[in-house]
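Text of data_13.txt, listed as compact mmCIF, C-alpha atoms:
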```
# COMPACT_ATOMS: atom_id res chain seq x y z
CA MET T 1 -54.35 34.90 -36.59
CA ALA T 2 -52.41 37.75 -35.04
CA SER T 3 -48.67 38.00 -35.61
CA LEU T 4 -46.31 39.28 -32.96
CA SER T 5 -42.84 40.69 -33.47
CA ILE T 6 -40.29 41.88 -30.94
CA SER T 7 -38.21 44.91 -31.77
CA SER T 8 -34.77 45.59 -30.37
CA SER T 9 -36.15 48.02 -27.78
CA SER T 10 -38.10 45.28 -25.96
CA THR T 11 -41.43 46.39 -27.38
CA ILE T 12 -44.04 43.92 -28.55
CA ILE T 13 -45.83 45.11 -31.66
CA ASN T 14 -49.10 43.46 -32.61
CA SER T 15 -49.58 44.30 -36.26
CA ARG T 16 -53.05 42.79 -36.58
CA ALA T 17 -54.58 43.87 -33.32
CA SER T 18 -58.33 44.18 -33.64
CA PRO T 19 -60.11 46.76 -31.50
CA PRO T 20 -62.54 45.66 -28.86
CA PRO T 21 -66.18 45.55 -30.03
CA GLY T 22 -67.85 48.95 -30.05
CA GLN T 23 -64.64 50.97 -30.54
CA ALA T 24 -63.21 52.47 -33.68
CA SER T 25 -60.44 50.60 -35.46
CA PHE T 26 -56.87 51.82 -35.13
CA SER T 27 -54.80 52.62 -38.14
CA SER T 28 -51.48 52.07 -36.31
CA PRO T 29 -50.38 48.90 -34.61
CA SER T 30 -50.77 48.74 -30.82
CA CYS T 31 -47.55 48.74 -28.80
CA ILE T 32 -46.78 47.44 -25.35
CA SER T 33 -43.49 48.46 -23.73
CA LEU T 34 -41.73 46.02 -21.41
CA PRO T 35 -39.24 47.00 -18.72
CA MET T 36 -35.60 46.20 -19.46
CA LEU T 37 -34.20 43.13 -17.69
CA PRO T 38 -31.03 43.44 -15.64
CA PRO T 39 -27.93 41.95 -17.26
CA LYS T 40 -27.29 38.30 -16.53
CA PRO T 41 -24.58 37.90 -13.88
CA LEU T 42 -21.39 36.15 -14.95
CA GLN T 43 -21.31 32.60 -13.63
CA PHE T 44 -18.08 30.68 -13.75
CA THR T 45 -18.43 26.98 -14.22
CA THR T 46 -15.82 24.53 -13.02
CA CYS T 47 -14.30 24.46 -16.49
CA CYS T 48 -13.98 28.25 -16.60
CA ARG T 49 -12.37 28.31 -13.18
CA LYS T 50 -9.82 25.74 -14.29
CA ILE T 51 -9.04 27.72 -17.43
CA ALA T 52 -8.79 30.95 -15.44
CA ARG T 53 -6.42 29.33 -12.96
CA ARG T 54 -4.10 28.14 -15.70
CA ASN T 55 -3.10 31.67 -16.65
CA VAL T 56 -2.25 32.79 -13.11
CA LEU T 57 1.37 33.58 -12.39
CA THR T 58 2.43 32.91 -8.81
CA ARG T 59 5.58 33.81 -7.00
CA ALA T 60 6.88 32.41 -3.74
CA THR T 61 6.92 34.91 -0.89
CA GLU T 62 9.19 32.96 1.44
CA VAL T 63 12.34 31.01 0.83
CA GLU T 64 11.59 27.31 0.91
CA ALA T 65 13.86 24.96 2.80
CA PRO T 66 16.00 22.75 0.55
CA VAL T 67 14.96 19.14 0.31
CA THR T 68 17.37 16.81 2.04
CA ALA T 69 18.34 13.38 0.78
CA GLU T 70 16.58 11.76 3.75
CA ALA T 71 13.24 13.27 2.80
CA GLU T 72 13.50 12.05 -0.79
CA THR T 73 13.97 8.40 0.09
CA THR T 74 10.84 6.69 1.30
CA GLU T 75 10.65 3.25 2.84
CA LEU T 76 8.99 0.73 0.53
CA PRO T 77 6.71 -1.94 1.97
CA GLU T 78 8.29 -5.34 2.45
CA ILE T 79 6.13 -6.99 -0.22
CA VAL T 80 7.41 -4.51 -2.81
CA LYS T 81 10.99 -5.21 -1.77
CA THR T 82 10.38 -8.94 -2.02
CA ALA T 83 8.82 -8.53 -5.47
CA GLN T 84 11.77 -6.41 -6.65
CA GLU T 85 14.28 -8.96 -5.37
CA ALA T 86 12.39 -11.80 -7.05
CA TRP T 87 12.26 -9.82 -10.32
CA GLU T 88 16.01 -9.21 -10.18
CA LYS T 89 16.64 -12.96 -9.78
CA VAL T 90 14.63 -13.79 -12.93
CA GLU T 91 16.85 -14.53 -15.92
CA ASP T 92 14.23 -14.53 -18.70
CA LYS T 93 12.17 -11.42 -18.00
CA TYR T 94 10.65 -11.44 -21.49
CA ALA T 95 9.12 -14.90 -20.92
CA ILE T 96 7.73 -13.90 -17.52
CA GLY T 97 6.22 -10.73 -19.00
CA SER T 98 4.70 -12.75 -21.84
CA LEU T 99 3.24 -15.24 -19.38
CA ALA T 100 1.76 -12.42 -17.28
CA PHE T 101 0.21 -10.86 -20.38
CA ALA T 102 -1.17 -14.25 -21.49
CA ALA T 103 -2.64 -14.76 -18.01
CA LEU T 104 -4.39 -11.38 -18.17
CA VAL T 105 -5.80 -12.17 -21.63
CA ALA T 106 -6.97 -15.59 -20.41
CA LEU T 107 -8.61 -14.00 -17.38
CA TRP T 108 -10.35 -11.43 -19.56
CA GLY T 109 -11.52 -14.13 -21.99
CA SER T 110 -12.76 -16.41 -19.24
CA THR T 111 -14.80 -13.62 -17.64
CA GLY T 112 -16.37 -12.95 -21.04
CA LEU T 113 -17.15 -16.65 -21.48
CA ILE T 114 -18.62 -16.95 -18.00
CA SER T 115 -20.79 -13.86 -18.48
CA ALA T 116 -22.01 -15.23 -21.83
CA ILE T 117 -22.89 -18.58 -20.22
CA ASP T 118 -24.54 -16.73 -17.33
CA ARG T 119 -26.95 -15.06 -19.78
CA LEU T 120 -28.32 -18.44 -20.87
CA PRO T 121 -31.55 -19.19 -19.01
CA LEU T 122 -30.78 -22.67 -17.58
CA PHE T 123 -27.07 -22.54 -16.73
CA PRO T 124 -26.98 -19.99 -13.86
CA GLY T 125 -29.24 -22.15 -11.71
CA VAL T 126 -27.25 -25.29 -12.50
CA PHE T 127 -23.96 -23.54 -11.71
CA GLU T 128 -25.38 -22.28 -8.44
CA LEU T 129 -26.39 -25.82 -7.45
CA VAL T 130 -22.96 -27.18 -8.41
CA GLY T 131 -21.28 -24.42 -6.34
CA ILE T 132 -23.46 -25.11 -3.31
CA GLY T 133 -22.79 -28.85 -3.63
CA TYR T 134 -19.02 -28.41 -3.94
CA THR T 135 -18.94 -26.00 -1.00
CA GLY T 136 -20.82 -28.49 1.16
CA TRP T 137 -18.50 -31.32 0.12
CA PHE T 138 -15.38 -29.22 0.82
CA VAL T 139 -16.64 -28.22 4.27
CA TYR T 140 -17.52 -31.84 5.11
CA LYS T 141 -14.23 -33.20 3.77
CA ASN T 142 -11.81 -30.58 5.15
CA LEU T 143 -13.30 -28.38 7.86
CA ILE T 144 -15.70 -30.27 10.12
CA PHE T 145 -13.28 -32.66 11.83
CA LYS T 146 -10.12 -31.46 13.60
CA PRO T 147 -7.61 -33.90 11.98
CA ASP T 148 -8.88 -32.96 8.51
CA ARG T 149 -8.60 -29.25 9.36
CA GLU T 150 -5.00 -29.69 10.52
CA VAL T 151 -4.09 -31.55 7.31
CA LEU T 152 -5.66 -28.75 5.21
CA PHE T 153 -3.81 -26.03 7.15
CA GLN T 154 -0.53 -27.93 6.74
CA LYS T 155 -1.12 -28.22 2.96
CA VAL T 156 -1.76 -24.46 2.78
CA LYS T 157 1.42 -23.70 4.77
CA ASP T 158 3.50 -26.05 2.59
CA THR T 159 2.16 -24.48 -0.59
CA TYR T 160 2.87 -21.01 0.80
CA ARG T 161 6.47 -22.03 1.57
CA ASP T 162 6.92 -23.57 -1.88
CA ILE T 163 5.70 -20.40 -3.60
CA LEU T 164 7.73 -17.93 -1.53
CA GLY T 165 10.71 -20.20 -1.07
CA SER T 166 11.18 -19.19 2.54
CA SER T 167 12.09 -21.56 5.34
CA SER T 168 9.67 -20.17 7.93
```
Take the structure in the file and write it out as structure tokens.
Amino acid sequence: MASLSISSSSTIINSRASPPPGQASFSSPSCISLPMLPPKPLQFTTCCRKIARRNVLTRATEVEAPVTAEAETTELPEIVKTAQEAWEKVEDKYAIGSLAFAALVALWGSTGLISAIDRLPLFPGVFELVGIGYTGWFVYKNLIFKPDREVLFQKVKDTYRDILGSSS
């Protein structure tokens, strides 16, 4: 088995090279010189660009206009205003925060429970049939006939008024 070694001058030296048949053997190893490769170009990755940009010092060339008080205030959507007003009316904010946290934990736990039940082989099909049956019953009971539809819409409007507390 021939061993190859690479020297620092990009030359391959075969120390056990055997001469072709019919030629005299060489006492020195055979050498093959390779051309030098060009240096690898510097490539900046996204990370390097971000690091390089961090150390850049910039200076404004023009005087910026001062910010007026009108530009700083932005109009909040009405739902945000309503939520802020409702929060200000609440006396026991700690209890409301605790209830909201408990609701989030219950939601997280219920999704875990439902996904665990969904992995069981029989239950997803049964739940799908129950959902289809309930949807059909709800449509028949509340949406097909006009008087039933009107009663359902009135219940939704009343519930909406009770939750928001508005008179409209």
*asked:* Rounded to one decimal, what separation in Å do you get between atom CA of T:Gly97 and atom CA of T:Thr82?
replied: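 Spanning atom CA of T:Gly97 to atom CA of T:Thr82 is a straight-line distance of 17.6 Å.
Here atom CA of T:Asp162 and atom CA of T:Glu91 stand 19.4 Å from one another.
For the pair atom CA of T:Leu164 and atom CA of T:Ile79, the separation is 11.1 Å.
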Taking 5 positions as the minimum chain separation for residues in the same chain, which residues sit within 12 Å of T:Gly165 when counting all atoms listed in the file? Answer as a CSV table (one decimal) with C-alpha atoms, in the coordinates of the input.
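After the write, part-v8.csv holds the following:
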```csv
chain,number,residue,atom,x,y,z
T,82,THR,CA,10.4,-8.9,-2.0
T,86,ALA,CA,12.4,-11.8,-7.0
T,157,LYS,CA,1.4,-23.7,4.8
T,158,ASP,CA,3.5,-26.0,2.6
T,159,THR,CA,2.2,-24.5,-0.6
T,160,TYR,CA,2.9,-21.0,0.8
```
